[in-house]
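Coordinates as given in coords35.cif (mmCIF, C-alpha atoms):
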```
data_query
loop_
_atom_site.label_atom_id
_atom_site.label_comp_id
_atom_site.auth_asym_id
_atom_site.auth_seq_id
_atom_site.Cartn_x
_atom_site.Cartn_y
_atom_site.Cartn_z
CA MET A 117 33.86 -53.20 -38.75
CA ALA A 118 30.65 -51.44 -37.76
CA HIS A 119 31.94 -50.90 -34.24
CA ALA A 120 35.60 -50.42 -35.05
CA SER A 121 35.81 -47.43 -32.72
CA ALA A 122 34.34 -49.25 -29.73
CA LEU A 123 37.53 -50.75 -28.41
CA CYS A 124 39.47 -47.54 -28.96
CA ALA A 125 37.34 -46.30 -26.08
CA VAL A 126 37.38 -49.59 -24.21
CA ARG A 127 40.93 -50.86 -24.62
CA ALA A 128 43.51 -50.62 -21.84
CA ILE A 129 46.47 -52.88 -21.21
CA SER A 130 47.68 -53.45 -17.66
CA GLY A 131 50.97 -55.00 -18.79
CA PRO A 132 52.99 -56.03 -21.86
CA LEU A 133 51.29 -58.51 -24.13
CA ASP A 134 54.51 -60.42 -24.83
CA ALA A 135 53.92 -62.47 -21.68
CA CYS A 136 50.50 -63.54 -22.94
CA ALA A 137 52.08 -66.41 -24.86
CA GLY A 138 51.21 -64.94 -28.23
CA ALA A 139 47.62 -63.88 -27.60
CA ALA A 140 46.17 -62.34 -30.75
CA TYR A 141 45.16 -58.75 -30.12
CA VAL A 142 44.49 -55.88 -32.51
CA ASP A 143 44.24 -52.19 -31.64
CA CYS A 144 40.84 -50.55 -32.01
CA MET A 145 38.97 -53.78 -32.61
CA SER A 146 35.49 -54.62 -31.38
CA ASP A 147 35.26 -58.25 -32.47
CA PHE A 148 36.97 -60.95 -30.42
CA ASP A 149 37.13 -64.66 -30.11
CA CYS A 150 36.09 -64.28 -26.49
CA ILE A 151 35.05 -61.59 -24.01
CA ILE A 152 35.49 -62.21 -20.28
CA VAL A 153 33.21 -60.26 -17.97
CA GLY A 154 35.07 -59.64 -14.71
CA ALA A 155 38.77 -59.61 -13.84
CA GLY A 156 38.68 -61.46 -10.56
CA ALA A 157 40.29 -64.84 -9.98
CA ALA A 158 37.97 -66.69 -12.38
CA GLY A 159 38.30 -64.09 -15.14
CA ILE A 160 42.09 -63.95 -14.85
CA ALA A 161 42.35 -67.73 -14.93
CA ALA A 162 40.19 -67.81 -18.07
CA GLY A 163 42.25 -65.04 -19.66
CA ARG A 164 45.53 -66.82 -19.07
CA ALA A 165 44.14 -69.98 -20.68
CA LEU A 166 42.91 -68.05 -23.74
CA ALA A 167 46.26 -66.26 -23.98
CA ARG A 168 48.11 -69.58 -24.04
CA ALA A 169 45.82 -70.69 -26.87
CA GLY A 170 46.58 -67.55 -28.87
CA LYS A 171 42.98 -66.29 -29.00
CA SER A 172 41.85 -62.68 -29.23
CA PHE A 173 40.09 -61.63 -26.05
CA VAL A 174 39.58 -58.84 -23.54
CA LEU A 175 38.60 -58.73 -19.87
CA LEU A 176 35.99 -56.11 -18.98
CA GLU A 177 36.20 -55.07 -15.33
CA ALA A 178 33.87 -52.56 -13.68
CA ARG A 179 36.34 -51.79 -10.89
CA GLN A 180 39.41 -49.64 -11.29
CA ARG A 181 41.54 -52.62 -10.27
CA SER A 182 41.74 -56.33 -10.97
CA GLY A 183 41.23 -59.08 -8.41
CA GLY A 184 37.59 -58.67 -7.45
CA ARG A 185 37.02 -59.99 -3.95
CA ALA A 186 40.70 -60.85 -3.72
CA HIS A 187 42.07 -57.48 -2.67
CA THR A 188 45.28 -56.53 -0.87
CA THR A 189 45.68 -53.00 0.45
CA LEU A 190 48.62 -51.26 2.14
CA ALA A 191 48.19 -49.72 5.58
CA ALA A 192 50.82 -48.80 8.16
CA GLY A 193 53.43 -50.26 5.82
CA MET A 194 51.78 -53.71 5.77
CA ALA A 195 50.07 -55.67 3.00
CA LEU A 196 46.60 -56.50 4.34
CA ASP A 197 44.12 -58.83 2.65
CA MET A 198 40.68 -57.27 2.79
CA GLY A 199 39.11 -60.25 1.04
CA CYS A 200 40.37 -63.82 0.79
CA GLY A 201 43.52 -64.40 2.80
CA TRP A 202 44.08 -68.13 3.15
CA LEU A 203 45.25 -70.65 0.56
CA HIS A 204 42.81 -73.34 1.70
CA SER A 205 43.50 -77.00 0.87
CA ALA A 206 47.02 -75.83 0.12
CA ASP A 207 48.25 -79.33 -0.71
CA ARG A 208 45.97 -79.36 -3.75
CA ASN A 209 45.45 -75.64 -4.34
CA LEU A 210 47.02 -74.83 -7.72
CA LEU A 211 47.50 -71.19 -6.71
CA VAL A 212 50.25 -72.34 -4.33
CA GLY A 213 52.38 -73.35 -7.29
CA LEU A 214 51.56 -70.16 -9.17
CA ALA A 215 52.56 -68.14 -6.10
CA GLN A 216 55.91 -69.90 -6.00
CA GLU A 217 56.45 -69.35 -9.72
CA SER A 218 55.64 -65.67 -9.21
CA GLY A 219 58.22 -65.30 -6.43
CA PHE A 220 55.76 -64.95 -3.56
CA ALA A 221 56.88 -66.09 -0.13
CA ILE A 222 54.51 -68.63 1.46
CA ASP A 223 53.79 -68.80 5.17
CA ARG A 224 53.09 -72.40 6.17
CA GLN A 225 52.52 -71.85 9.88
CA THR A 226 49.58 -73.61 11.50
CA PRO A 227 46.56 -71.27 11.35
CA PRO A 228 45.29 -69.96 14.67
CA TRP A 229 41.96 -71.80 14.53
CA GLN A 230 43.86 -75.11 14.57
CA LYS A 231 45.68 -74.22 17.78
CA THR A 232 44.60 -73.66 21.38
CA ALA A 233 43.65 -70.01 21.78
CA ASP A 234 44.91 -67.56 24.37
CA ALA A 235 43.34 -68.71 27.66
CA ARG A 236 42.38 -65.22 28.77
CA GLY A 237 38.61 -65.17 28.81
CA PHE A 238 38.44 -68.76 27.55
CA ASP A 239 40.36 -71.31 29.61
CA ALA A 240 41.78 -74.52 28.16
CA ASP A 241 39.09 -76.79 29.63
CA ALA A 242 36.33 -74.63 28.16
CA GLN A 243 38.07 -74.63 24.78
CA ARG A 244 38.20 -78.44 24.81
CA ALA A 245 34.50 -78.57 25.62
CA TYR A 246 33.74 -76.18 22.76
CA ARG A 247 35.79 -78.20 20.28
CA ALA A 248 34.00 -81.36 21.40
CA GLU A 249 30.59 -79.74 20.80
CA GLN A 250 31.77 -78.46 17.44
CA GLY A 251 32.88 -81.98 16.56
CA ARG A 252 29.48 -83.39 17.48
CA PHE A 253 27.83 -80.75 15.32
CA PHE A 254 29.95 -81.65 12.28
CA ALA A 255 29.27 -85.34 12.87
CA ARG A 256 25.53 -84.65 12.79
CA VAL A 257 25.97 -82.66 9.58
CA GLU A 258 27.83 -85.52 7.91
CA THR A 259 25.31 -88.13 9.04
CA GLU A 260 22.24 -86.16 7.99
CA ALA A 261 23.74 -85.08 4.65
CA LYS A 262 24.15 -88.72 3.66
CA LYS A 263 20.37 -89.04 3.75
CA GLY A 264 20.17 -86.64 0.79
CA VAL A 265 17.40 -84.46 2.20
CA ASP A 266 18.16 -80.75 2.20
CA ARG A 267 17.17 -78.54 5.12
CA PRO A 268 18.57 -75.65 7.16
CA VAL A 269 21.80 -76.44 9.00
CA SER A 270 20.30 -74.73 12.05
CA GLU A 271 18.14 -77.80 12.61
CA LEU A 272 21.28 -79.74 13.53
CA LEU A 273 22.37 -77.37 16.29
CA ASP A 274 21.74 -78.53 19.84
CA PRO A 275 19.65 -75.71 21.37
CA ASP A 276 20.56 -76.82 24.89
CA ALA A 277 24.33 -77.07 24.39
CA ARG A 278 26.40 -74.38 26.08
CA TRP A 279 28.56 -73.79 23.04
CA THR A 280 25.88 -73.52 20.37
CA PRO A 281 26.17 -69.68 20.14
CA LEU A 282 29.89 -70.03 19.43
CA VAL A 283 29.26 -72.73 16.82
CA GLU A 284 26.79 -70.31 15.22
CA ALA A 285 29.42 -67.56 15.27
CA MET A 286 31.84 -69.95 13.55
CA SER A 287 29.32 -70.37 10.74
CA THR A 288 29.24 -66.64 10.12
CA TYR A 289 33.04 -66.56 9.70
CA VAL A 290 33.18 -69.67 7.52
CA ASN A 291 29.99 -69.27 5.49
CA GLY A 292 29.26 -65.58 5.88
CA THR A 293 25.79 -66.38 7.17
CA GLU A 294 23.84 -67.87 10.03
CA THR A 295 22.92 -71.54 9.92
CA ASP A 296 19.19 -70.93 9.35
CA ARG A 297 20.06 -69.57 5.88
CA LEU A 298 22.48 -72.36 5.07
CA SER A 299 21.70 -75.44 2.95
CA LEU A 300 22.75 -78.67 4.67
CA LEU A 301 23.65 -80.46 1.44
CA ASP A 302 25.62 -77.52 0.09
CA PHE A 303 27.49 -77.03 3.38
CA ALA A 304 28.37 -80.72 3.51
CA ALA A 305 29.56 -80.71 -0.13
CA TYR A 306 32.48 -78.39 0.64
CA GLU A 307 35.84 -80.18 0.54
CA ASP A 308 38.79 -79.08 2.65
CA THR A 309 42.05 -80.87 3.39
CA GLU A 310 42.59 -78.56 6.41
CA ILE A 311 46.01 -77.48 5.18
CA ASN A 312 46.13 -73.70 4.99
CA TYR A 313 48.92 -71.32 3.89
CA ARG A 314 49.16 -67.55 3.69
CA LEU A 315 51.03 -65.02 1.57
CA PRO A 316 52.80 -62.16 3.40
CA GLU A 317 52.59 -60.06 0.22
CA GLY A 318 48.85 -60.73 0.04
CA TYR A 319 46.51 -63.14 -1.70
CA GLY A 320 44.90 -60.26 -3.56
CA ALA A 321 48.34 -59.12 -4.69
CA LEU A 322 48.98 -62.58 -6.13
CA VAL A 323 45.71 -62.68 -8.08
CA SER A 324 46.35 -59.19 -9.43
CA ARG A 325 49.93 -60.10 -10.39
CA LEU A 326 48.75 -63.18 -12.27
CA GLY A 327 46.54 -60.97 -14.43
CA ALA A 328 49.02 -58.15 -14.92
CA ASP A 329 49.91 -59.11 -18.48
CA LEU A 330 46.37 -59.62 -19.72
CA PRO A 331 44.32 -57.12 -21.76
CA VAL A 332 42.01 -55.62 -19.15
CA ARG A 333 39.76 -52.58 -19.42
CA HIS A 334 39.01 -51.21 -15.97
CA GLY A 335 36.00 -49.02 -15.33
CA CYS A 336 34.05 -50.95 -17.97
CA LEU A 337 30.63 -51.99 -16.69
CA VAL A 338 28.84 -54.65 -18.73
CA ARG A 339 25.10 -54.03 -18.82
CA LEU A 340 23.70 -56.50 -21.33
CA ILE A 341 24.83 -59.66 -23.08
CA ASP A 342 22.85 -60.44 -26.20
CA HIS A 343 23.59 -64.13 -26.57
CA GLY A 344 20.93 -64.52 -29.24
CA ALA A 345 23.01 -62.53 -31.71
CA ARG A 346 25.82 -64.08 -33.78
CA PRO A 347 28.40 -63.05 -32.88
CA MET A 348 27.16 -62.22 -29.40
CA ARG A 349 26.89 -58.53 -28.47
CA VAL A 350 28.19 -57.18 -25.17
CA GLU A 351 26.86 -53.74 -24.26
CA THR A 352 28.94 -51.70 -21.82
CA ASN A 353 29.08 -48.15 -20.51
CA LEU A 354 31.93 -47.57 -22.98
CA GLY A 355 30.52 -49.10 -26.12
CA VAL A 356 29.44 -52.34 -27.79
CA LEU A 357 31.76 -55.29 -28.36
CA ARG A 358 31.18 -58.63 -30.10
CA ALA A 359 32.56 -62.10 -29.57
CA ARG A 360 31.99 -65.69 -30.55
CA ALA A 361 32.23 -66.73 -26.88
CA VAL A 362 31.55 -64.90 -23.61
CA ILE A 363 32.60 -65.98 -20.13
CA VAL A 364 30.68 -64.37 -17.26
CA THR A 365 32.46 -64.28 -13.89
CA VAL A 366 30.52 -61.65 -11.95
CA PRO A 367 29.23 -62.29 -8.38
CA THR A 368 25.79 -63.83 -8.02
CA SER A 369 24.51 -60.48 -6.71
CA ALA A 370 25.02 -58.86 -10.13
CA LEU A 371 22.94 -61.56 -11.79
CA ALA A 372 20.22 -61.67 -9.16
CA ASN A 373 19.65 -57.90 -8.97
CA GLY A 374 19.61 -57.40 -12.74
CA SER A 375 22.61 -55.11 -13.00
CA LEU A 376 23.84 -57.54 -15.68
CA ARG A 377 21.03 -58.59 -18.03
CA PHE A 378 20.72 -61.11 -20.84
CA ARG A 379 18.85 -61.18 -24.15
CA PRO A 380 17.06 -63.56 -24.41
CA ALA A 381 16.38 -63.53 -20.68
CA LEU A 382 17.71 -66.37 -18.53
CA PRO A 383 15.16 -66.62 -15.70
CA ALA A 384 16.26 -70.02 -14.41
CA ARG A 385 19.86 -68.90 -14.16
CA VAL A 386 18.94 -65.62 -12.49
CA GLU A 387 16.80 -67.54 -9.99
CA ALA A 388 19.73 -69.86 -9.28
CA ALA A 389 21.94 -66.85 -8.60
CA ALA A 390 19.33 -65.50 -6.18
CA MET A 391 19.44 -68.82 -4.31
CA LEU A 392 23.22 -68.39 -3.96
CA PRO A 393 23.43 -65.06 -2.11
CA LEU A 394 26.72 -63.69 -0.86
CA GLY A 395 27.32 -63.96 2.85
CA ILE A 396 29.26 -61.31 4.75
CA ALA A 397 32.76 -61.81 6.16
CA ASP A 398 34.45 -58.55 7.13
CA LYS A 399 37.83 -57.77 8.65
CA LEU A 400 39.14 -55.00 10.87
CA PHE A 401 42.86 -54.47 11.32
CA LEU A 402 44.15 -52.90 14.52
CA ALA A 403 47.75 -51.73 14.90
CA LEU A 404 49.10 -53.12 18.17
CA ASP A 405 51.71 -51.54 20.44
CA ASP A 406 53.98 -53.76 22.57
CA ALA A 407 52.89 -56.71 20.50
CA GLU A 408 55.57 -59.03 21.90
CA GLU A 409 53.30 -59.80 24.84
CA PHE A 410 51.35 -62.09 22.51
CA ALA A 411 52.49 -65.22 20.70
CA ILE A 412 52.84 -64.98 16.92
CA ASP A 413 49.75 -66.23 15.08
CA SER A 414 47.77 -66.58 18.30
CA ARG A 415 44.03 -66.20 18.77
CA LEU A 416 41.69 -64.41 21.15
CA TYR A 417 37.97 -64.89 21.55
CA GLY A 418 35.84 -61.84 22.22
CA ALA A 419 32.74 -63.43 23.73
CA ILE A 420 31.94 -67.10 24.14
CA ASP A 421 28.23 -66.93 24.93
CA THR A 422 26.83 -65.16 21.86
CA SER A 423 27.00 -65.43 18.08
CA ALA A 424 27.30 -61.61 17.78
CA THR A 425 30.99 -61.58 18.45
CA ALA A 426 34.31 -61.10 16.70
CA ASN A 427 37.30 -63.41 16.61
CA TYR A 428 40.85 -62.06 16.81
CA HIS A 429 44.00 -63.26 15.03
CA VAL A 430 46.93 -61.71 16.89
CA ARG A 431 50.30 -60.99 15.24
CA PRO A 432 49.74 -62.64 11.84
CA PHE A 433 53.14 -63.11 10.18
CA GLY A 434 54.60 -61.76 13.43
CA ARG A 435 53.37 -58.27 12.63
CA PRO A 436 52.23 -55.79 15.30
CA VAL A 437 48.60 -56.06 14.28
CA ILE A 438 45.35 -57.75 15.26
CA GLU A 439 43.13 -59.07 12.47
CA ALA A 440 39.52 -59.15 13.67
CA TYR A 441 36.87 -61.24 11.90
CA PHE A 442 33.17 -60.40 11.77
CA GLY A 443 30.49 -62.34 9.92
CA GLY A 444 26.85 -62.65 8.96
CA GLN A 445 24.09 -60.27 9.95
CA PHE A 446 26.22 -58.88 12.78
CA ALA A 447 28.87 -57.71 10.29
CA ARG A 448 26.19 -56.29 8.03
CA GLU A 449 24.81 -54.20 10.89
CA LEU A 450 28.23 -52.89 11.88
CA GLU A 451 28.95 -51.81 8.30
CA SER A 452 26.36 -49.06 8.61
CA GLY A 453 28.64 -47.35 11.14
CA GLY A 454 31.83 -47.73 9.11
CA MET A 455 35.26 -48.54 10.52
CA ALA A 456 34.47 -46.64 13.73
CA ALA A 457 31.66 -49.06 14.57
CA PHE A 458 33.86 -52.10 13.98
CA ALA A 459 36.69 -50.57 16.01
CA ASP A 460 34.49 -49.52 18.93
CA PHE A 461 33.06 -53.00 19.19
CA ALA A 462 36.38 -54.81 18.82
CA ILE A 463 38.28 -52.60 21.25
CA GLY A 464 35.43 -52.92 23.74
CA GLN A 465 35.62 -56.70 23.56
CA LEU A 466 39.40 -56.75 23.84
CA VAL A 467 39.29 -54.45 26.85
CA GLY A 468 36.82 -56.82 28.46
CA VAL A 469 39.30 -59.67 28.06
CA LEU A 470 42.63 -57.86 28.52
CA GLY A 471 41.80 -54.90 30.78
CA ALA A 472 41.05 -51.20 30.39
CA ASP A 473 44.66 -50.18 29.69
CA PHE A 474 44.63 -52.23 26.48
CA ALA A 475 42.54 -49.58 24.69
CA ARG A 476 45.59 -47.30 24.53
CA ARG A 477 47.62 -49.95 22.71
CA VAL A 478 45.46 -50.38 19.61
CA ARG A 479 44.17 -48.19 16.80
CA PRO A 480 42.20 -49.07 13.63
CA ILE A 481 44.14 -48.93 10.36
CA ALA A 482 41.91 -50.73 7.81
CA CYS A 483 38.48 -52.29 7.53
CA SER A 484 36.47 -54.07 4.84
CA ALA A 485 32.78 -53.56 4.14
CA TRP A 486 31.81 -56.11 1.51
CA ALA A 487 28.05 -55.81 1.96
CA SER A 488 28.34 -52.10 1.14
CA ASP A 489 30.52 -52.69 -1.92
CA PRO A 490 28.14 -51.99 -4.86
CA LEU A 491 30.01 -54.33 -7.20
CA ALA A 492 30.00 -57.26 -4.77
CA LEU A 493 27.26 -56.78 -2.15
CA GLY A 494 28.86 -59.55 -0.13
CA SER A 495 31.88 -61.77 0.36
CA TYR A 496 31.20 -65.28 -0.96
CA SER A 497 28.26 -67.47 -1.82
CA HIS A 498 26.21 -69.94 0.17
CA ALA A 499 23.19 -71.93 -0.97
CA LEU A 500 19.88 -71.29 0.74
CA PRO A 501 18.13 -74.31 2.28
CA GLY A 502 16.50 -76.44 -0.38
CA HIS A 503 18.70 -75.06 -3.16
CA ALA A 504 21.90 -77.11 -3.05
CA GLY A 505 21.50 -77.73 -6.79
CA ALA A 506 21.67 -74.05 -7.67
CA ARG A 507 25.43 -74.13 -8.31
CA ALA A 508 25.03 -76.69 -11.11
CA ILE A 509 22.21 -74.66 -12.68
CA LEU A 510 24.21 -71.44 -12.55
CA GLY A 511 27.37 -72.99 -13.94
CA ALA A 512 25.88 -74.91 -16.89
CA PRO A 513 26.86 -73.62 -20.38
CA GLN A 514 24.18 -71.61 -22.17
CA GLY A 515 23.73 -72.53 -25.79
CA GLU A 516 26.71 -72.11 -28.10
CA GLY A 517 29.33 -69.95 -26.48
CA LEU A 518 28.00 -68.42 -23.22
CA PHE A 519 29.74 -69.72 -20.09
CA PHE A 520 29.66 -68.95 -16.38
CA ALA A 521 32.51 -69.14 -13.88
CA GLY A 522 33.33 -67.97 -10.36
CA GLU A 523 33.42 -69.36 -6.86
CA ALA A 524 29.62 -69.71 -6.79
CA VAL A 525 29.60 -72.35 -9.54
CA SER A 526 32.29 -74.53 -7.97
CA PRO A 527 30.61 -77.70 -6.66
CA HIS A 528 33.06 -78.47 -3.84
CA VAL A 529 35.39 -75.50 -3.24
CA PHE A 530 32.94 -72.61 -3.48
CA SER A 531 33.67 -69.47 -1.46
CA THR A 532 37.39 -69.69 -2.29
CA ALA A 533 39.71 -67.99 -4.76
CA HIS A 534 41.11 -71.31 -5.93
CA GLY A 535 37.57 -72.55 -6.54
CA ALA A 536 36.95 -69.49 -8.69
CA TRP A 537 40.26 -70.04 -10.50
CA GLU A 538 39.42 -73.65 -11.33
CA THR A 539 36.04 -72.70 -12.79
CA GLY A 540 37.67 -69.97 -14.88
CA GLU A 541 40.03 -72.49 -16.42
CA GLU A 542 37.14 -74.89 -17.06
CA ALA A 543 35.08 -72.17 -18.74
CA ALA A 544 38.01 -71.21 -20.93
CA SER A 545 38.46 -74.84 -21.97
CA ALA A 546 34.78 -75.02 -22.93
CA ALA A 547 35.04 -71.75 -24.84
CA LEU A 548 38.07 -72.98 -26.74
CA ALA A 549 36.14 -76.05 -27.81
CA VAL A 550 33.48 -73.78 -29.31
CA LEU A 551 36.06 -71.53 -30.92
CA LYS A 552 37.63 -74.46 -32.76
#
```

When written as structure tokens, how does the structure in this file appear?
Amino acid sequence: MAHASALCAVRAISGPLDACAGAAYVDCMSDFDCIIVGAGAAGIAAGRALARAGKSFVLLEARQRSGGRAHTTLAAGMALDMGCGWLHSADRNLLVGLAQESGFAIDRQTPPWQKTADARGFDADAQRAYRAEQGRFFARVETEAKKGVDRPVSELLDPDARWTPLVEAMSTYVNGTETDRLSLLDFAAYEDTEINYRLPEGYGALVSRLGADLPVRHGCLVRLIDHGARPMRVETNLGVLRARAVIVTVPTSALANGSLRFRPALPARVEAAAMLPLGIADKLFLALDDAEEFAIDSRLYGAIDTSATANYHVRPFGRPVIEAYFGGQFARELESGGMAAFADFAIGQLVGVLGADFARRVRPIACSAWASDPLALGSYSHALPGHAGARAILGAPQGEGLFFAGEAVSPHVFSTAHGAWETGEEAASAALAVLK
């Protein structure tokens, strides 16, 4: 082999290969049946499918860990999800079954956003009025989407309604962006059964565990995929590899900004990625003293008259912690000041609701900053107005053997780990058809 030394530099195994159901793998090889770019949920799902089929493959991951935007960290003795944290549509989410098979405990408690929040700062009558306005907003979205004409979701907000700023804030948590940058048809295409579970050990920990027995090389940044060559050539910071099939699972940001390039160029696909930017959804975790004052899995609102506000999940899993959510441009601005900026804002809001003495009961222990993460540059994708079809363009196979997967190409469960997982399995199935 002309590049027989390439994988000697690139190869690393994060677990025993015996569990890979007989995946073919040879030391110091540079030619594979398939190369997977990215070891997040989509890449791991694809790898497990290729392993079951007995194909030779490798996952190339630029980070020093697997999981991508599914990431669990430990702080103050607790497993904290810095990225995805909820098993959405849990009654049909296949990761629920994989979690059970992997021995993960599952928390099935009703999520805080489906319950009446703590009345301090937001009384029960006001909450009912807000939910009614939110319901009218979603009804308008559904009605207008049926007309098939794409436009900004912001056009469906009632500018005179009292609760419009809070509905806008909700969009930043759910979509990672404000409604003026959100495609109506894409937003309406999302499917959710409204059944949501959580994993005390962490969603990121599950995704990482599911990929533990796959051949992954961390710290391997893919720069160019030459899909015109046969076999295709994958150029990395650690050498050149070749494969008959390649599955690309990187975030849309890596395609749009050119950090991953293609030969021949794929301008239509790169443009589609640019029309699917990653919104921002950040979290701050505050350790909480005397937590028993609050109900388990309760919720506090910071402000109810502005979209530049955080939302607070109190005592998740019964732990002495507050999980604060920030989204959209507001989160992006706070990231420039690091965890201190998030903490100052959150504690200031909580003091405004709970009194000055509350400041002594909380301290920051962890914070995400997805917009500042150079390998993500955001949290999850949304389609810009007028570009609801970008997901189909991005996810279409390219010629003989180049495939794309990830949450951004999922037509109905984008922005979720299980959406990414499903597309990874679909890409692997398509690759296996080529490999036959």

Grab the CA of Gly515 in chain A to CA of Ser299 in chain A distance for me, in Å with one decimal place.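 That distance, rounded to one decimal, is 29.0 Å.
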
List as a list of chain:residue names the protein and nucleic acid residues near Phe474 in chain A, meaning an atom at most 10 Å away when all atoms listed in the file are counted, but skip any in the same chain fewer than 3 places from it.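 Near neighbours after the sequence-gap exclusion: A:Leu404, A:Asp405, A:Ile463, A:Gly464, A:Leu466, A:Val467, A:Gly468, A:Val469, A:Leu470, A:Gly471, A:Arg477, A:Val478.
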
From the list A:Ala206, A:Ile509, A:Leu273, A:Ala459, the nearest residue to Val386 in chain A using all atoms listed in the file is A:Ile509

With distances taken over all atoms listed in the file, which of A:Asp460, A:Gly201, A:Glu310, A:Arg333 is nearest to Glu439 in chain A?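 Checking each candidate against Glu439 in chain A, we get A:Gly201 as the closest.
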
So that I can see what lies close to range 217-224 of chain A, please list as a VMD selection string the residues with an atom at most 12 Å from it, counting all atoms listed in the file and leaving out residues fewer than 3 positions away in the same chain. chain A and resid 201 to 207 210 to 214 227 to 228 311 to 328 413 432 to 434

Separation of CA of Leu330 in chain A from CA of Gly154 in chain A, in Å and rounded to one decimal: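 So the two atoms, CA of Leu330 in chain A and CA of Gly154 in chain A, lie 12.4 Å apart.
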
Using only C-alpha atoms for the distances, tell me which of A:Asp398, A:Asp421, A:Glu260, A:Asp239 is nearest to Val283 in chain A.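 For Val283 in chain A, the nearest of the given residues is A:Asp421.
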
What is the CA of Cys336 in chain A to CA of Phe148 in chain A distance in Å?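 A separation of 16.2 Å between them.
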
Taking into account all atoms listed in the file, which residue in the set A:Glu538, A:Glu177, A:Glu408, A:Asp147 is nearest to Val338 in chain A?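 Checking each of A:Glu538, A:Glu177, A:Glu408, A:Asp147 against Val338 in chain A, counting all atoms listed in the file, the winner is A:Glu177.
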
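Proximity to Thr352 in chain A was assessed for A:Ala178, A:Leu382, A:Ala157, A:Val550 counting only C-alpha atoms; the smallest distance is recorded for A:Ala178.
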
I need every residue sitting at most 9 Å from the point (29.7, -71.2, -18.5) (coordinates as in the file, all atoms listed in the file considered), written as a PDB file with C-alpha atoms, keeping the file's coordinate frame.
```
ATOM      1  CA  VAL A 362      31.550 -64.900 -23.610  1.00  0.00           C
ATOM      2  CA  ILE A 363      32.600 -65.980 -20.130  1.00  0.00           C
ATOM      3  CA  VAL A 364      30.680 -64.370 -17.260  1.00  0.00           C
ATOM      4  CA  THR A 365      32.460 -64.280 -13.890  1.00  0.00           C
ATOM      5  CA  LEU A 510      24.210 -71.440 -12.550  1.00  0.00           C
ATOM      6  CA  GLY A 511      27.370 -72.990 -13.940  1.00  0.00           C
ATOM      7  CA  ALA A 512      25.880 -74.910 -16.890  1.00  0.00           C
ATOM      8  CA  PRO A 513      26.860 -73.620 -20.380  1.00  0.00           C
ATOM      9  CA  GLN A 514      24.180 -71.610 -22.170  1.00  0.00           C
ATOM     10  CA  GLY A 517      29.330 -69.950 -26.480  1.00  0.00           C
ATOM     11  CA  LEU A 518      28.000 -68.420 -23.220  1.00  0.00           C
ATOM     12  CA  PHE A 519      29.740 -69.720 -20.090  1.00  0.00           C
ATOM     13  CA  PHE A 520      29.660 -68.950 -16.380  1.00  0.00           C
ATOM     14  CA  ALA A 521      32.510 -69.140 -13.880  1.00  0.00           C
ATOM     15  CA  THR A 539      36.040 -72.700 -12.790  1.00  0.00           C
ATOM     16  CA  GLY A 540      37.670 -69.970 -14.880  1.00  0.00           C
ATOM     17  CA  GLU A 542      37.140 -74.890 -17.060  1.00  0.00           C
ATOM     18  CA  ALA A 543      35.080 -72.170 -18.740  1.00  0.00           C
ATOM     19  CA  ALA A 544      38.010 -71.210 -20.930  1.00  0.00           C
ATOM     20  CA  ALA A 546      34.780 -75.020 -22.930  1.00  0.00           C
ATOM     21  CA  ALA A 547      35.040 -71.750 -24.840  1.00  0.00           C
TER      22      ALA A 547
END
```

So which residues get picked by the PyMOL selection byres ((chain A and resi 526-533) around 7) here, written as an NGL selection string? :A and (157 or 200 or 305-307 or 496-497 or 507 or 523-525 or 534-537 or 539)

When the PyMOL selection byres ((chain A and resi 287-290) around 7) is applied to the file above, which residues end up in the set, as a list in words?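 So the PyMOL selection byres ((chain A and resi 287-290) around 7) ends up selecting Val283, Glu284, Ala285, Met286, Asn291, Gly292, Thr293, Glu294, Thr295, Ala397, Tyr441, Phe442, Gly443 and Gly444 of chain A.
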
Export of prior selection with C-alpha atoms as an mmCIF file, in the frame of the given file:
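Output file selection.cif follows:
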```
data_model
loop_
_atom_site.group_PDB
_atom_site.id
_atom_site.type_symbol
_atom_site.label_atom_id
_atom_site.label_comp_id
_atom_site.auth_asym_id
_atom_site.auth_seq_id
_atom_site.Cartn_x
_atom_site.Cartn_y
_atom_site.Cartn_z
ATOM 1 C CA VAL A 283 29.260 -72.730 16.820
ATOM 2 C CA GLU A 284 26.790 -70.310 15.220
ATOM 3 C CA ALA A 285 29.420 -67.560 15.270
ATOM 4 C CA MET A 286 31.840 -69.950 13.550
ATOM 5 C CA ASN A 291 29.990 -69.270 5.490
ATOM 6 C CA GLY A 292 29.260 -65.580 5.880
ATOM 7 C CA THR A 293 25.790 -66.380 7.170
ATOM 8 C CA GLU A 294 23.840 -67.870 10.030
ATOM 9 C CA THR A 295 22.920 -71.540 9.920
ATOM 10 C CA ALA A 397 32.760 -61.810 6.160
ATOM 11 C CA TYR A 441 36.870 -61.240 11.900
ATOM 12 C CA PHE A 442 33.170 -60.400 11.770
ATOM 13 C CA GLY A 443 30.490 -62.340 9.920
ATOM 14 C CA GLY A 444 26.850 -62.650 8.960
#
```

Nearest residue to Asn373 in chain A out of A:Arg297, A:Arg339, A:Arg346, A:Arg448, using all atoms listed in the file?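 Of A:Arg297, A:Arg339, A:Arg346, A:Arg448, the one nearest Asn373 in chain A is A:Arg339, counting all atoms listed in the file.
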
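Using all atoms listed in the file, the contacts of Gly374 in chain A at a cut-off of 12 Å, with sequence neighbours closer than 2 positions omitted, comprise Val338, Arg339, Leu340, Ile341, Val366, Pro367, Thr368, Ser369, Ala370, Leu371, Ala372, Leu376, Arg377, Phe378, Ala381, Leu382, Pro383, Arg385, Val386, Glu387, Ala389 and Ala390 of chain A.
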